[in-house]
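K.L.:
So here's protein.tsv, just TSV, C-alpha atoms:
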```tsv
chain	number	residue	atom	x	y	z
P	1	MET	CA	0.00	0.00	0.00
P	2	THR	CA	1.31	3.43	-0.89
P	3	ALA	CA	1.13	6.48	1.34
P	4	ASP	CA	-1.48	8.04	-0.96
P	5	GLU	CA	-3.57	4.88	-0.82
P	6	LEU	CA	-3.48	5.10	2.97
P	7	ALA	CA	-4.45	8.78	2.76
P	8	THR	CA	-7.41	7.82	0.59
P	9	ALA	CA	-8.45	5.18	3.13
P	10	VAL	CA	-8.25	7.71	5.98
P	11	GLY	CA	-10.31	10.22	4.00
P	12	THR	CA	-12.87	7.58	3.09
P	13	GLU	CA	-13.33	6.45	6.69
P	14	ALA	CA	-13.61	10.05	7.93
P	15	ALA	CA	-16.18	10.78	5.22
P	16	ASN	CA	-18.14	7.65	6.18
P	17	GLU	CA	-18.18	8.73	9.82
P	18	LEU	CA	-19.59	12.13	8.84
P	19	ALA	CA	-22.25	10.46	6.68
P	20	SER	CA	-23.21	8.10	9.49
P	21	ALA	CA	-23.52	10.94	12.01
P	22	LEU	CA	-25.51	13.00	9.49
P	23	ALA	CA	-27.97	10.12	9.13
P	24	ARG	CA	-28.47	10.13	12.91
P	25	ILE	CA	-29.05	13.89	12.94
P	26	LYS	CA	-31.57	13.57	10.10
P	27	HIS	CA	-33.31	10.81	12.08
P	28	CYS	CA	-33.61	13.23	15.01
P	29	LEU	CA	-34.70	16.28	13.05
P	30	GLY	CA	-37.44	14.36	11.24
P	31	PRO	CA	-39.97	14.19	14.09
P	32	LEU	CA	-39.07	17.56	15.65
P	33	SER	CA	-41.08	20.68	14.91
P	34	ASP	CA	-39.30	23.95	14.15
P	35	GLU	CA	-40.18	25.06	17.69
P	36	GLN	CA	-38.59	21.94	19.18
P	37	VAL	CA	-35.45	22.43	17.07
P	38	TRP	CA	-34.96	25.83	18.73
P	39	TRP	CA	-35.98	24.75	22.25
P	40	ARG	CA	-33.32	25.22	24.92
P	41	PRO	CA	-33.43	23.17	28.12
P	42	HIS	CA	-32.06	26.26	29.89
P	43	PRO	CA	-31.48	29.78	28.53
P	44	SER	CA	-27.70	29.39	28.83
P	45	LEU	CA	-27.68	26.08	26.90
P	46	ASN	CA	-27.82	25.46	23.16
P	47	SER	CA	-30.69	24.19	21.06
P	48	VAL	CA	-30.55	21.48	18.41
P	49	GLY	CA	-30.62	24.32	15.88
P	50	ASN	CA	-27.53	25.90	17.43
P	51	PHE	CA	-25.70	22.57	17.32
P	52	VAL	CA	-26.54	22.16	13.63
P	53	LEU	CA	-25.28	25.67	12.84
P	54	HIS	CA	-22.16	24.99	14.90
P	55	LEU	CA	-21.47	21.73	13.08
P	56	CYS	CA	-21.85	23.52	9.74
P	57	GLY	CA	-19.41	26.21	10.84
P	58	LYS	CA	-16.84	23.81	12.25
P	59	LEU	CA	-16.83	21.50	9.21
P	60	ARG	CA	-16.70	24.39	6.77
P	61	GLN	CA	-13.80	26.01	8.64
P	62	TRP	CA	-11.73	22.93	9.43
P	63	ILE	CA	-12.38	20.65	6.45
P	64	VAL	CA	-13.72	22.72	3.52
P	65	ALA	CA	-11.51	25.76	4.19
P	66	GLY	CA	-8.73	24.20	6.25
P	67	LEU	CA	-8.08	21.15	4.10
P	68	GLY	CA	-9.79	22.21	0.88
P	69	ARG	CA	-8.37	25.74	0.85
P	70	ALA	CA	-11.76	27.45	0.41
P	71	ALA	CA	-12.30	30.86	1.99
P	72	ASP	CA	-12.86	30.77	5.76
P	73	VAL	CA	-16.06	32.72	6.35
P	74	ARG	CA	-17.03	31.32	9.76
P	75	ASP	CA	-18.83	33.47	12.33
P	76	ARG	CA	-18.63	31.18	15.35
P	77	PRO	CA	-20.41	33.49	17.84
P	78	ALA	CA	-23.42	33.70	15.49
P	79	GLU	CA	-23.78	29.89	15.59
P	80	PHE	CA	-24.61	30.10	19.29
P	81	ALA	CA	-26.40	33.46	19.33
P	82	GLU	CA	-29.06	32.36	16.83
P	83	ARG	CA	-32.50	31.83	18.37
P	84	GLY	CA	-34.34	30.84	15.21
P	85	PRO	CA	-36.59	30.37	13.60
P	86	ILE	CA	-34.43	29.03	10.78
P	87	PRO	CA	-36.73	26.20	9.62
P	88	ARG	CA	-35.66	22.63	10.32
P	89	ASP	CA	-35.58	21.81	6.59
P	90	GLU	CA	-33.23	24.74	5.90
P	91	LEU	CA	-30.90	23.67	8.72
P	92	LEU	CA	-30.83	20.16	7.34
P	93	ARG	CA	-30.12	21.44	3.82
P	94	ARG	CA	-27.17	23.45	5.11
P	95	LEU	CA	-25.79	20.52	7.07
P	96	GLU	CA	-26.15	18.11	4.15
P	97	ALA	CA	-24.36	20.60	1.87
P	98	VAL	CA	-21.37	21.07	4.15
P	99	VAL	CA	-21.08	17.33	4.81
P	100	ASP	CA	-21.12	16.73	1.04
P	101	GLU	CA	-18.44	19.40	0.53
P	102	SER	CA	-16.37	17.93	3.35
P	103	ARG	CA	-16.63	14.40	1.98
P	104	ALA	CA	-15.41	15.65	-1.41
P	105	VAL	CA	-12.42	17.40	0.20
P	106	LEU	CA	-11.58	14.32	2.27
P	107	ALA	CA	-11.70	12.10	-0.82
P	108	ARG	CA	-8.97	14.03	-2.57
P	109	GLN	CA	-6.40	14.37	0.24
P	110	THR	CA	-2.94	13.01	-0.46
P	111	ALA	CA	-0.44	11.78	2.11
P	112	ARG	CA	1.55	14.98	1.69
P	113	GLN	CA	-1.58	17.09	2.31
P	114	LEU	CA	-2.49	15.10	5.43
P	115	LEU	CA	0.95	15.84	6.91
P	116	GLU	CA	1.15	19.43	5.70
P	117	ALA	CA	1.14	22.15	8.35
P	118	ARG	CA	-1.65	24.67	8.16
P	119	ARG	CA	-3.30	27.25	10.40
P	120	ILE	CA	-6.98	26.68	11.19
P	121	GLN	CA	-9.00	28.79	13.62
P	122	GLY	CA	-5.74	30.13	15.05
P	123	PHE	CA	-4.25	26.66	15.61
P	124	ASP	CA	-1.18	25.23	13.90
P	125	VAL	CA	-2.23	21.73	12.82
P	126	THR	CA	-1.63	19.08	10.19
P	127	GLY	CA	-4.33	17.82	7.85
P	128	LEU	CA	-4.56	14.67	9.98
P	129	LYS	CA	-5.09	16.73	13.13
P	130	ALA	CA	-7.85	18.66	11.36
P	131	ILE	CA	-9.62	15.38	10.56
P	132	PHE	CA	-9.06	13.87	14.02
P	133	ASP	CA	-10.39	17.06	15.58
P	134	SER	CA	-13.39	17.61	13.31
P	135	VAL	CA	-14.88	14.13	12.96
P	136	PRO	CA	-15.04	13.30	16.70
P	137	HIS	CA	-16.34	16.82	17.32
P	138	PHE	CA	-19.14	16.16	14.81
P	139	ARG	CA	-19.92	12.82	16.49
P	140	GLY	CA	-19.95	14.40	19.95
P	141	HIS	CA	-22.51	17.03	19.03
P	142	THR	CA	-24.50	14.36	17.19
P	143	GLN	CA	-24.88	12.57	20.53
P	144	GLU	CA	-26.04	15.82	22.15
P	145	ILE	CA	-28.65	16.23	19.41
P	146	ILE	CA	-29.82	12.66	20.02
P	147	GLY	CA	-30.03	13.32	23.76
P	148	MET	CA	-32.00	16.54	23.30
P	149	THR	CA	-34.34	14.83	20.85
P	150	ARG	CA	-34.97	11.97	23.27
P	151	LEU	CA	-35.54	14.46	26.08
P	152	GLN	CA	-38.21	16.27	24.08
P	153	LEU	CA	-39.90	13.25	22.49
P	154	GLY	CA	-39.70	10.87	25.45
P	155	ASP	CA	-41.30	7.52	24.68
P	156	ALA	CA	-42.22	8.72	21.18
P	157	TYR	CA	-38.52	8.65	20.24
P	158	LYS	CA	-37.73	5.73	17.94
P	159	PHE	CA	-34.16	4.48	17.88
P	160	ALA	CA	-32.54	4.41	14.44
P	161	TRP	CA	-30.89	1.09	15.30
P	162	THR	CA	-31.45	-1.58	17.91
P	163	PRO	CA	-29.37	-4.72	18.50
P	164	THR	CA	-30.71	-7.84	16.82
P	165	THR	CA	-28.05	-10.46	17.53
P	166	PRO	CA	-26.34	-11.63	20.73
P	167	GLU	CA	-23.01	-10.23	19.44
P	168	GLN	CA	-24.64	-6.80	19.13
P	169	GLY	CA	-26.15	-7.05	22.62
P	170	GLY	CA	-29.60	-8.12	21.41
P	171	PRO	CA	-31.78	-11.00	22.41
P	172	THR	CA	-30.31	-14.49	22.63
```
Could I get this structure in the form of structure tokens?

P.N.:
Amino acid sequence: MTADELATAVGTEAANELASALARIKHCLGPLSDEQVWWRPHPSLNSVGNFVLHLCGKLRQWIVAGLGRAADVRDRPAEFAERGPIPRDELLRRLEAVVDESRAVLARQTARQLLEARRIQGFDVTGLKAIFDSVPHFRGHTQEIIGMTRLQLGDAYKFAWTPTTPEQGGPT
């Protein structure tokens, strides 16, 4: 295996993780109303809508701009200051677009680019560091979105996946 083949494999796996997390977010946004998307459990905490805007900003800055060399136009404070009502469907469209852009950037990274030093959000990082920072960050906020959705929907929440075999932790 060449270094560039390994870089392609890393980019592919990172892109797959983003797609998987996006599917979970879509599963959560589906049953929520626009009002629920902007609900905050406490005034000092974020809403699902804020998390979606934040994920868009982070991916665009770290992957699309940081790795893909697009212009960095992020306004991080605005991601958290927003109170809505940006409609759920618009939020989802934005998130899908930035995940698609990110997946395209990840697919074309070479070994040299993954090891190249760059400055992102004031941090000196490599391309690998940008990936290993951004993808777990996306997953972490995905779990918060799931938790907030479950909190609001209660027993009406339907899991996207449940174990079906003993190896998965399902029934024997």

K.L.:
I'd like the box whose edges run along x, y and z of the file and which contains every listed atom of range 16-35 of chain P, padded by 5 Å per side; could you state its centre and edge lengths in Å, one decimal, as lines of an AutoDock Vina configuration file?

P.N.:
```
center_x = -29.6
center_y = 16.4
center_z = 11.9
size_x = 32.9
size_y = 27.4
size_z = 21.5
```

K.L.:
Write out, as a tab-separated table, each residue of range 85-135 of chain P that has an atom at most 9 Å from range 67-71 of chain P, together with the closest pair of atoms and their distance in Å to one decimal, counting only C-alpha atoms, rows going by chain and rising number.

P.N.:
```
residue	atom	partner	partner_atom	distance
P:Ser102	CA	P:Gly68	CA	8.2
P:Ala104	CA	P:Gly68	CA	8.9
P:Val105	CA	P:Gly68	CA	5.5
P:Leu106	CA	P:Leu67	CA	7.9
P:Arg108	CA	P:Gly68	CA	8.9
P:Gln109	CA	P:Leu67	CA	8.0
P:Gln113	CA	P:Leu67	CA	7.9
P:Leu114	CA	P:Leu67	CA	8.3
P:Arg118	CA	P:Leu67	CA	8.4
P:Gly127	CA	P:Leu67	CA	6.3
P:Ala130	CA	P:Leu67	CA	7.7
P:Ile131	CA	P:Leu67	CA	8.8
```

K.L.:
Using all atoms listed in the file, which of the listed residues (P:Thr2, P:Ile25, P:Gln36, P:Asn16) sits closest to Gln143 in chain P?

P.N.:
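Of the candidates, the smallest distance to Gln143 in chain P is held by P:Ile25.
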
K.L.:
For Ser33 in chain P, list every protein, DNA or RNA residue within 10 Å, evaluated using all atoms listed in the file, and leave out those in the same chain fewer than 6 positions away; present the list as a PyMOL selection string.

P.N.:
chain P and resi 39+87-88

K.L.:
Report, in Å to a single decimal, how far apart CA of Gly57 in chain P and CA of Ala19 in chain P are.

P.N.:
16.5 Å
